[in-house]
Every structure is written in C-alpha cells, then in structure tokens.
Amino acid sequence: MDRTKQQELAWLKTITGELSTRIITRLDETLPWYGNMPPSRRSAVGLVAQTGIASFIQWYEDPSSTPWIASDVFSAAPRELLRSISLQETLQLIRVVVSVVEERVTPRSEALREAVLHYSRDVAFAAADVYARAAEARGLWDARLEALVVDSILTGESDDELPSRIAALGWHGEGEAAVLVGTADRSVDVDQLRRTARHAGADVLVGLQGTRLVLVLGRVEAHTRDAENGAEPLSFLDIAGRLADGFSDGPLVLGPAVENLVDASRSARAALAGVAVARSWRHSPRPVLADDLLPERALAGDGLARRTLIEQVYEPLSAHSGELLETLWCYLDNGRSLEATARELFVHPNTVRYRLKKVSEVIGWNATGAREALILQSALIVGSIAQQRGRTGPATK
C-alpha cells in the first residue's frame with residue numbers, strides 16, 4: 001500500500017465520529033419518517049450508518065472484501081428494524097449517508113471520490129439482496145400459513161389462534177365468507193386467481209391439495225362501501241363464475257355463505273359434500289350451489305344436507321301452517337298437477353295456487369319447478385323420517 005493511501009486511511013479513521021454526527025443530523029433534517037421513529041429504532045439506524053462508514057474504511061483498505069463487508073452493513077441492523085422500514089426508506093438512508101460522505105471526503109482526492117461511488121453501489125445492491133431474501137422468506141412463510149388456515153377451515157379443527165393467523169395473512173374480507181371447491185392441476189396460476197378475485201371485489205385464500213383446489217372467498221371492505229354508494233356487490237355465485245376459468249374441468253361447487261371467515265368450515269363441508277355428488281345431477285350448472293345439491297347429498301348420507309333440508313323447508317312449513325305442508329305433499333305426490341291436488345284436497349285449483357305461492361314465500365323455493373320440486377320432496381321425506389324418530393324414540397328405549 002502506497003504512502004498516500006495510508007495517509008488517507010489514517011485521516012478517514014480520524015473523522016469517523018464527525019461523519020456519524022453529520023449523518024444523524026442530516027437524517028433528522030431530511031427524512032420525516034426517521035424523526036417519527038421511536039428512540040430505539042433511531043439508534044439502530046444510526047448503528048447501520050456507523051457500520052457503513054466503518055465498512056467503507058475497511059473496504060478502501062482492501063477492496064477484495066466487498067462481498068461480505070457490504071452485507072455486514074445490514075447484518076448489524078436488528079431484525080425488527082428491517083421489518084419496520086421499507087426498501088425505499090433504506091435507499092433514502094443510503095443516499096443521505098453517501099451524500100454526507102461525499103461532501104466531506106471526496107474533495108480530498110479523486111481516488112476517494114471513485115471509492116465512495118463504487119462502495120455506495122455495492123451497498124445499494126446489498127440492501128436490495130437483503131430485502132429480496134426477506135421477501136422470499138416471508139412469501140414462503142405466508143404460503144405455509146395460508147395452507148394451514150385453509151386446512152383448518154376444511155377440517156373444522158379451528159382454535160383460538162385461527163383469527164390471529166387470518167389477520168397475519170393480511171385478510172381484507174369483511175362480513176360473509178363462502179368456500180369454492182373444484183379441481184386444478186399443479187400449474188394453476190394462483191396470482192391470476194387473486195387478481196380476478198380482487199377485481200370482483202373479493203379477497204381469497206387459496207389451498208391446493210393434490211388435484212383439489214379450494215378458494216375461501218370474502219368481500220373486501222372497499223367493495224362494501226361501493227355497495228353503500230349504490231353499486232350492487234357481486235354475489236358469491238357471480239364471483240365464483242369469474243373464477244371458474246382458473247379450475248380444471250369437473251364439478252365446481254360453492255358452499256353457502258356464512259357470517260364470517262372463522263365459521264367458513266360449515267361452507268367448506270357443504271362444498272366438499274357437493275363435489276362428491278355433483279356428477280349425479282345431469283346438466284348441473286358450473287359453478288353450482290351446494291344447497292342446490294341437497295337431495296343428492298342427503299341420499300349420499302350427508303347429515304348436514306339432511307339438517308339443512310329440515311331446518312329450511314320442513315320445520316318452517318310445519319310451524320307456519322299444517323295445510324301448507326299437506327298441500328305441498330299432495331301437489332308433489334300428484335305429479336305437480338293442480339287439478340289432481342285440488343280434487344284430493346276438495347278445494348279449488350286457485351286455492352292450490354295460492355297455497356303454493358305461500359309456500360314459496362315461506363321457504364324461498366318454488367314447487368312448480370322440476371329441480372326445486374325434487375329438493376322439496378326430499379325435504380318432506382327426511383323431515384317426516386326425523387319427526388317419526390323423534391316421536392317413537394323415547395318409547396323404544
């Protein structure tokens with residue numbers, strides 16, 4: 001090492017404290033976010049700046065040490081500091097440090113000026129590398145956490161930690177949620193699914209389990225505000241329709257909406273049961289509502305489907321009026337013939353029409369449609385069986 005460089009190194013070491021003080025002052029004057037940081041993190045930023053100066057001096061003495069010295073600048077930072085300041089703020093920090101060093105050091109010699117420019121470039125690349133690795137690690141962690149949350153929803157084995165896990169994923173959904181289940185190959189474009197859901201005003205959790213693709217849907221708060229301003233929010237079925245292209249051919253079933261994401265396991269159970277029997281309905285729509293597959297699900301032994309049929313059809317009609325239940329029985333047993341039903345009940349056909357209209361108002365299903373008639377007849381059968389069991393159960397024990 002020549003004598004001139006030795007003198008410059010000695011001089012650099014004498015002004016280290018002065019440079020650190022100038023840098024802290026300049027940060028406070030030019031970067032508002034630095035002034036708003038708590039004292040402990042401001043101290044950590046100062047430590048990074050001091051480490052940068054020390055590393056520059058060491059690098060100037062031995063330029064071959066670039067790869068690890070530049071990285072050491074950021075290894076001195078506490079982990080919470082890297083999480084609390086963005087890459088943009090880090091680059092602003094580097095710019096301030098470099099400008100202060102340039103103002104104080106470069107007038108001394110052209111060699112020092114070139115050294116500062118060279119080293120600042122290496123530090124900038126080191127910063128980008130640190131944040132890239134942190135983002136990659138965070139992405140892998142988020143993917144594992146998302147898979148865990150979706151699995152908890154599918155199995156119904158949620159615990160007290162589920163809400164915090166959902167919050168950690170940055171879930172933006174508000175209010176109701178629903179689960180969409182279908183098939184997909186390993187090359188499914190998850191990012192495209194997220195973009196499509198976002199454009200439809202929904203947030204989504206994605207779970208790919210072998211060939212089964214599960215999407216947990218929730219409407220975002222911004223879209224809810226749009227609805228309050230007059231724009232109708234999309235139904236979950238409409239959102240599912242927009243997402244259908246992301247699935248492979250085969251059944252695509254949407255579970256019923258539930259009040260919040262924590263209760264989404266009920267929607268998931270219905271959707272999974274629907275996928276298992278969806279092919280039994282010829283020409284079923286795609287996507288199809290799990291509740292439109294209630295007859296097939298009940299025949300396959302799905303207890304949730306039987307309870308849904310009883311709670312949504314049989315019990316409301318029984319509680320409202322015995323004649324509505326009797327009229328519906330007769331109408332379905334007589335092949336949906338108004339005249340035959342009227343003769344059996346000894347009433348006018350218009351009376352049958354009125355009662356059927358009332359049935360539709362009470363339960364929301366119209367008995368005059370072929371598919372809905374099948375759903376209602378299934379509800380009457382499972383409801384009657386449950387009622388008979390309830391009556392005879394105590395006596396047979």
# chains A, B, ... in the order shown; residues from 1 in each chain; ligands from 1
call {"tool": "residues_around", "arguments": {"residues": "Lys13 in chain A", "least_positions_apart": "4", "cutoff": "12 Å", "atoms": "only C-alpha atoms", "output": "NGL selection string"}}
result
:A and (6-9 or 17-20 or 50 or 53-58 or 60-61 or 105)
call {"tool": "residues_around", "arguments": {"residues": "Asp292 in chain A", "least_positions_apart": "5", "cutoff": "10 Å", "atoms": "only C-alpha atoms", "output": "ChimeraX atom specification"}}
result
/A:253-255,274,278,281,284-285,297,371-372,375
call {"tool": "select_by_dssp", "arguments": {"residues": "range 239-383 of chain A", "states": "strand (DSSP E or B)", "output": "JSON, numbers by chain"}}
result
{"A": [253, 254, 258, 288, 289]}
call {"tool": "write_last_selection", "arguments": {"atoms": "C-alpha atoms", "output": "compact mmCIF listing (two decimals), in the first residue's frame"}}
result
# COMPACT_ATOMS: atom_id res chain seq x y z
CA VAL A 253 -69.29 -26.26 -6.03
CA LEU A 254 -69.85 -23.14 -3.93
CA VAL A 258 -71.56 -17.86 6.45
CA VAL A 288 -73.29 -24.92 -8.71
CA LEU A 289 -74.52 -24.04 -5.24
call {"tool": "closest_atom_pairs", "arguments": {"of": "range 224-331 of chain A", "to": "range 194-214 of chain A", "cutoff": "8 Å", "atoms": "only C-alpha atoms", "output": "CSV"}}
result
residue,atom,partner,partner_atom,distance
A:Pro233,CA,A:Gly201,CA,7.6
A:Leu234,CA,A:Ala200,CA,7.1
A:Ile239,CA,A:Ala200,CA,6.2
A:Arg242,CA,A:Thr196,CA,7.1
A:Leu243,CA,A:Thr196,CA,6.6
A:Phe247,CA,A:Leu213,CA,7.5
call {"tool": "residues_around", "arguments": {"residues": "range 262-269 of chain A", "least_positions_apart": "4", "cutoff": "9 Å", "atoms": "only C-alpha atoms", "output": "list in words"}}
result
Ser152, Ile153, Leu154, Thr155, Gly156, Glu157, Ser158, Leu162, Pro163, Ile166, Glu176, Ala177, Ala178, Val179, Leu180, Val181, Val214, Val216, Leu254, Gly255, Pro256, Ala257, Val258, Ala273, Gly274, Ala290 and Leu304 of chain A
call {"tool": "residues_around", "arguments": {"residues": "Glu361 in chain A", "least_positions_apart": "3", "cutoff": "12 Å", "atoms": "only C-alpha atoms", "output": "PyMOL selection string"}}
result
chain A and resi 313+316-317+320+324+354-358+364-367
call {"tool": "write_last_selection", "arguments": {"atoms": "C-alpha atoms", "output": "PDB file, in the first residue's frame"}}
result
ATOM      1  CA  VAL A 313     -88.079 -26.450   4.442  1.00  0.00           C
ATOM      2  CA  PRO A 316     -90.725 -23.605   8.611  1.00  0.00           C
ATOM      3  CA  LEU A 317     -93.718 -25.098   6.803  1.00  0.00           C
ATOM      4  CA  HIS A 320     -96.428 -21.862   9.662  1.00  0.00           C
ATOM      5  CA  LEU A 324     -99.290 -25.680   3.523  1.00  0.00           C
ATOM      6  CA  TYR A 354    -102.415 -19.546  -3.556  1.00  0.00           C
ATOM      7  CA  ARG A 355    -101.032 -22.077  -1.075  1.00  0.00           C
ATOM      8  CA  LEU A 356     -98.088 -22.940  -3.337  1.00  0.00           C
ATOM      9  CA  LYS A 357     -97.319 -19.251  -3.669  1.00  0.00           C
ATOM     10  CA  LYS A 358     -97.395 -19.007   0.122  1.00  0.00           C
ATOM     11  CA  GLY A 364     -87.888 -19.382  -0.819  1.00  0.00           C
ATOM     12  CA  TRP A 365     -88.247 -22.410  -3.119  1.00  0.00           C
ATOM     13  CA  ASN A 366     -90.840 -22.712  -5.863  1.00  0.00           C
ATOM     14  CA  ALA A 367     -92.511 -26.137  -6.012  1.00  0.00           C
TER      15      ALA A 367
END
call {"tool": "closest_atom_pairs", "arguments": {"of": "range 306-343 of chain A", "to": "range 377-389 of chain A", "cutoff": "12 Å", "atoms": "only C-alpha atoms", "output": "tab-separated table"}}
result
residue	atom	partner	partner_atom	distance
A:Arg306	CA	A:Val382	CA	6.5
A:Arg307	CA	A:Gly383	CA	8.7
A:Thr308	CA	A:Ala379	CA	8.6
A:Leu309	CA	A:Ala379	CA	4.8
A:Ile310	CA	A:Gly383	CA	5.2
A:Glu311	CA	A:Gly383	CA	8.7
A:Gln312	CA	A:Ala379	CA	8.6
A:Val313	CA	A:Ala379	CA	6.2
A:Tyr314	CA	A:Gly383	CA	5.6
A:Glu315	CA	A:Gly383	CA	7.7
A:Pro316	CA	A:Gly383	CA	11.0
A:Leu317	CA	A:Leu380	CA	9.8
A:Ser318	CA	A:Gly383	CA	9.8
A:Leu324	CA	A:Leu380	CA	11.9
A:Leu325	CA	A:Leu380	CA	8.4
A:Glu326	CA	A:Leu380	CA	10.1
A:Thr327	CA	A:Leu380	CA	11.7
A:Leu328	CA	A:Gln377	CA	8.5
A:Trp329	CA	A:Leu380	CA	7.5
A:Cys330	CA	A:Gln377	CA	10.5
A:Tyr331	CA	A:Gln377	CA	10.0
A:Leu332	CA	A:Gln377	CA	6.8
A:Asp333	CA	A:Gln377	CA	8.7
A:Asn334	CA	A:Gln377	CA	11.8
A:Gly335	CA	A:Gln377	CA	11.1
A:Arg336	CA	A:Gln377	CA	11.1
call {"tool": "residues_around", "arguments": {"residues": "Trp33 in chain A", "least_positions_apart": "4", "cutoff": "12 Å", "atoms": "only C-alpha atoms", "output": "ChimeraX atom specification"}}
result
/A:27-29,37-38,41-42,45,84-86,88-90,92-93
call {"tool": "closest_residue", "arguments": {"among": "A:Ala319, A:Leu252, A:Leu237, A:Leu261", "to": "Arg279 in chain A", "atoms": "only C-alpha atoms"}}
result
A:Leu252
call {"tool": "select_by_dssp", "arguments": {"residues": "range 148-387 of chain A", "states": "alpha helix (DSSP H)", "output": "PyMOL selection string"}}
result
chain A and resi 148-155+162-168+190-199+221-228+236-243+264-277+294-299+303-309+315-320+322-333+338-345+349-363+370-387
call {"tool": "atom_distance", "arguments": {"atom1": "CA of Arg219 in chain A", "atom2": "CA of Gly303 in chain A"}}
result
28.8 Å
call {"tool": "atom_distance", "arguments": {"atom1": "CA of Gly390 in chain A", "atom2": "CA of Ala271 in chain A"}}
result
28.7 Å
